[in-house]
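Worksheet: one structure, shown below.
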Amino acid sequence: MTLPDGVERRGFDGTERLATRGEPVYGEPTDGEWRAWNPHRSKLGAMLELGLDTGLAGGENVLYLGAAAGTTVSHVADFAGPTYAVEFAARPMRDLLDASESRPRLFPLLADARSPEEYAHVVEPVDVIVQDVATRGQATVATTNARFLREDGRLLMAVKARSEDVTRDPEAVFADALDELREAYEILDTERLTPYHDDHLGVVARPLSEP
Ligand code: SAM
């Protein structure tokens, strides 16, 4: 698995870690213009660390769903092209706006990812959707947003089992989520995100082509 351009493994205090170039956002260690990317705080970071074939090459247009305060999407905007960051909670949005100040390609959108019509007038077709909404109905959010993906695009998604049902076996939750995703996507790869995130499944998928 190759890392996207703009993401490198670099030494921080004697430990090799993923890193991107940009202003620090969450107190992460830096080395010159490089900032360490913490896979314990980022599902996409964990997917790269675990070697999932994300298909990311660098420079892609990205729609990021569930941006929170910008921990992960700031790294994405460090190596990607225009990056639309959807978050529906006002509180993390303030930090996300701070993270976007030094990142001209990062566009925070205060909107509900369950209602793509709220941002459809702003978001152009994208190469990649990154989704980490950690809320009930995660597969529905992904299928609803498939309309933004180019034909050869990729969905990079983290499914959090406990957000769907804390009482169910995570494997059963993941199976249901994948079944629903298959209505709009072909699943290319899946992997549990342990040891970085318990009861999370990383998913790589591409949109089904029109019949
Ligand atoms: N992806 C973030 C990161 O790595 O930096 C962490 C995301 S956190 C696990 C999930 C976020 O999704 C929360 O900030 C929550 O407010 C947001 N969220 C949940 N449902 C959403 C929705 N329907 N639309 C937009 N944001 C949503």
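In the structure tokens, chains take letters A, B, ... by order of appearance, with residues numbered from 1 within each chain and ligands from 1 in the order shown.
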Can I get the residues close to ligand 1 as a PyMOL selection string, where close means within 6 Å and we count only C-alpha atoms and all ligand atoms? chain A and resi 42+66-68+70-72+86-89+111-114+132-135
Selection export as a compact mmCIF listing (two decimals), in the first residue's frame, atoms kept: N, CA and C atoms:
```txt
# COMPACT_ATOMS: atom_id res chain seq x y z
N SER A 42 -7.91 9.33 14.82
CA SER A 42 -8.38 9.52 13.44
C SER A 42 -8.65 8.17 12.80
N GLY A 66 -18.86 14.54 8.85
CA GLY A 66 -18.57 14.35 10.28
C GLY A 66 -17.20 14.90 10.62
N ALA A 67 -16.98 16.17 10.32
CA ALA A 67 -15.64 16.76 10.41
C ALA A 67 -15.26 17.10 11.85
N ALA A 68 -16.24 17.24 12.75
CA ALA A 68 -15.99 17.62 14.15
C ALA A 68 -15.06 18.84 14.19
N GLY A 70 -12.02 19.06 13.35
CA GLY A 70 -11.04 19.13 12.26
C GLY A 70 -9.79 18.30 12.44
N THR A 71 -9.78 17.41 13.44
CA THR A 71 -8.58 16.59 13.67
C THR A 71 -8.16 15.89 12.38
N THR A 72 -9.05 15.10 11.81
CA THR A 72 -8.68 14.34 10.60
C THR A 72 -8.77 15.17 9.33
N VAL A 86 -18.24 18.70 6.23
CA VAL A 86 -19.61 18.85 6.75
C VAL A 86 -19.66 18.46 8.22
N GLU A 87 -20.20 19.34 9.03
CA GLU A 87 -20.37 19.08 10.46
C GLU A 87 -21.65 19.79 10.90
N PHE A 88 -22.50 19.08 11.67
CA PHE A 88 -23.76 19.74 12.02
C PHE A 88 -23.79 20.34 13.42
N ALA A 89 -22.74 20.15 14.22
CA ALA A 89 -22.73 20.70 15.57
C ALA A 89 -21.96 22.02 15.58
N ALA A 111 -23.80 21.84 8.30
CA ALA A 111 -24.94 21.20 7.62
C ALA A 111 -25.11 19.78 8.14
N ASP A 112 -26.29 19.23 7.86
CA ASP A 112 -26.63 17.87 8.29
C ASP A 112 -26.36 16.90 7.13
N ALA A 113 -25.47 15.94 7.37
CA ALA A 113 -25.09 15.01 6.31
C ALA A 113 -26.25 14.11 5.88
N ARG A 114 -27.33 14.07 6.69
CA ARG A 114 -28.52 13.31 6.27
C ARG A 114 -29.34 14.08 5.26
N ASP A 132 -17.21 9.79 8.79
CA ASP A 132 -17.00 9.40 10.19
C ASP A 132 -18.03 10.15 11.03
N VAL A 133 -19.30 9.78 10.88
CA VAL A 133 -20.35 10.53 11.57
C VAL A 133 -20.73 9.94 12.92
N ALA A 134 -20.37 8.68 13.18
CA ALA A 134 -20.62 8.07 14.48
C ALA A 134 -22.03 8.38 14.99
N THR A 135 -23.00 8.08 14.17
CA THR A 135 -24.38 8.33 14.55
C THR A 135 -25.22 7.18 14.00
```
For Ala175 in chain A, please output as a PyMOL selection string all residues within 12 Å (counting only C-alpha atoms; exclusion window: fewer than 4 positions along the same chain). chain A and resi 139+159+161+164+168-171+179-182+187+190+201+203
Take the residues from that selection and put them in a file with N, CA and C atoms, as a PDB file, in the first residue's frame.
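Once written, selection_12.pdb looks like this:
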```
ATOM      1  N   ALA A 139     -24.897   3.923   7.380  1.00  0.00           N
ATOM      2  CA  ALA A 139     -24.945   3.449   5.992  1.00  0.00           C
ATOM      3  C   ALA A 139     -25.882   4.318   5.168  1.00  0.00           C
ATOM      4  N   VAL A 159     -17.398   2.689  10.261  1.00  0.00           N
ATOM      5  CA  VAL A 159     -18.695   2.356  10.869  1.00  0.00           C
ATOM      6  C   VAL A 159     -18.449   2.095  12.346  1.00  0.00           C
ATOM      7  N   ALA A 161     -19.893   0.587  15.548  1.00  0.00           N
ATOM      8  CA  ALA A 161     -20.985  -0.330  15.901  1.00  0.00           C
ATOM      9  C   ALA A 161     -21.855   0.238  17.021  1.00  0.00           C
ATOM     10  N   GLU A 164     -24.814   2.449  16.319  1.00  0.00           N
ATOM     11  CA  GLU A 164     -26.032   1.853  15.764  1.00  0.00           C
ATOM     12  C   GLU A 164     -26.836   1.164  16.855  1.00  0.00           C
ATOM     13  N   ARG A 168     -25.966  -4.851  20.476  1.00  0.00           N
ATOM     14  CA  ARG A 168     -25.772  -5.918  19.475  1.00  0.00           C
ATOM     15  C   ARG A 168     -24.308  -6.267  19.286  1.00  0.00           C
ATOM     16  N   ASP A 169     -24.073  -7.485  18.811  1.00  0.00           N
ATOM     17  CA  ASP A 169     -22.728  -7.912  18.440  1.00  0.00           C
ATOM     18  C   ASP A 169     -22.244  -7.002  17.300  1.00  0.00           C
ATOM     19  N   PRO A 170     -21.083  -6.374  17.446  1.00  0.00           N
ATOM     20  CA  PRO A 170     -20.585  -5.485  16.386  1.00  0.00           C
ATOM     21  C   PRO A 170     -20.564  -6.143  15.014  1.00  0.00           C
ATOM     22  N   GLU A 171     -20.229  -7.439  14.947  1.00  0.00           N
ATOM     23  CA  GLU A 171     -20.177  -8.107  13.635  1.00  0.00           C
ATOM     24  C   GLU A 171     -21.541  -8.084  12.948  1.00  0.00           C
ATOM     25  N   ASP A 179     -24.655  -4.556   4.068  1.00  0.00           N
ATOM     26  CA  ASP A 179     -25.797  -4.898   3.206  1.00  0.00           C
ATOM     27  C   ASP A 179     -26.448  -3.633   2.663  1.00  0.00           C
ATOM     28  N   GLU A 180     -26.634  -2.652   3.541  1.00  0.00           N
ATOM     29  CA  GLU A 180     -27.277  -1.409   3.085  1.00  0.00           C
ATOM     30  C   GLU A 180     -26.354  -0.640   2.138  1.00  0.00           C
ATOM     31  N   LEU A 181     -25.067  -0.626   2.447  1.00  0.00           N
ATOM     32  CA  LEU A 181     -24.127   0.078   1.564  1.00  0.00           C
ATOM     33  C   LEU A 181     -24.160  -0.500   0.157  1.00  0.00           C
ATOM     34  N   ARG A 182     -24.381  -1.838   0.051  1.00  0.00           N
ATOM     35  CA  ARG A 182     -24.348  -2.496  -1.266  1.00  0.00           C
ATOM     36  C   ARG A 182     -25.476  -2.005  -2.184  1.00  0.00           C
ATOM     37  N   ILE A 187     -18.384  -2.974  -2.338  1.00  0.00           N
ATOM     38  CA  ILE A 187     -17.423  -2.965  -1.236  1.00  0.00           C
ATOM     39  C   ILE A 187     -16.100  -3.523  -1.742  1.00  0.00           C
ATOM     40  N   THR A 190     -12.605  -4.216   3.673  1.00  0.00           N
ATOM     41  CA  THR A 190     -13.052  -3.856   5.028  1.00  0.00           C
ATOM     42  C   THR A 190     -11.999  -4.347   6.012  1.00  0.00           C
ATOM     43  N   LEU A 201     -15.422  -0.495  12.034  1.00  0.00           N
ATOM     44  CA  LEU A 201     -15.027  -1.161  10.792  1.00  0.00           C
ATOM     45  C   LEU A 201     -14.641  -0.096   9.770  1.00  0.00           C
ATOM     46  N   VAL A 203     -14.144   0.833   5.930  1.00  0.00           N
ATOM     47  CA  VAL A 203     -14.722   0.339   4.674  1.00  0.00           C
ATOM     48  C   VAL A 203     -14.185   1.161   3.510  1.00  0.00           C
TER      49      VAL A 203
END
```
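Remark: for Gly202 in chain A, the closest of the candidate residues A:Glu124, A:Asp95, A:Asp189, A:Glu8 is A:Asp189 (distances computed over only C-alpha atoms).
Considering the residues A:Leu188, A:Leu106, A:Leu149, A:Ala85 and counting only C-alpha atoms, Pro125 in chain A has its shortest atom-to-atom contact with A:Leu149.
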Residues of range 25-201 of chain A in strand (DSSP E) according to DSSP, as a PyMOL selection string? chain A and resi 30-31+34-36+62-65+83-87+106-110+126-131+149-160+185-192+200-201
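Here the question is which of A:Val7, A:Leu52, A:Val126, A:Leu178 gets nearest to Leu193 in chain A using only C-alpha atoms, and that residue is A:Leu52.
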Would you kindly return, as a PDB file with N, CA and C atoms, in the first residue's frame, each protein, DNA or RNA residue with an atom no farther than 7 Å from any atom of Trp34 in chain A, considering only C-alpha atoms and excluding same-chain residues fewer than 5 positions away?
```
ATOM      1  N   ALA A  19       2.590  11.481   8.815  1.00  0.00           N
ATOM      2  CA  ALA A  19       2.653  12.925   8.980  1.00  0.00           C
ATOM      3  C   ALA A  19       2.214  13.633   7.701  1.00  0.00           C
ATOM      4  N   THR A  20       1.671  14.836   7.887  1.00  0.00           N
ATOM      5  CA  THR A  20       1.359  15.706   6.750  1.00  0.00           C
ATOM      6  C   THR A  20       1.973  17.075   7.039  1.00  0.00           C
ATOM      7  N   ARG A  21       2.004  17.918   6.002  1.00  0.00           N
ATOM      8  CA  ARG A  21       2.576  19.258   6.191  1.00  0.00           C
ATOM      9  C   ARG A  21       1.469  20.265   6.398  1.00  0.00           C
ATOM     10  N   GLY A  22       1.484  20.952   7.533  1.00  0.00           N
ATOM     11  CA  GLY A  22       0.477  21.979   7.788  1.00  0.00           C
ATOM     12  C   GLY A  22       0.601  22.488   9.206  1.00  0.00           C
TER      13      GLY A  22
END
```
Counting only C-alpha atoms, the residue among A:Asp127, A:Pro82, A:Glu49, A:Tyr185 that lies closest to Pro108 in chain A is A:Pro82
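Considering the residues A:Val25, A:Val173, A:Val76, A:Ala57 and counting only C-alpha atoms, Arg136 in chain A has its shortest atom-to-atom contact with A:Val173.
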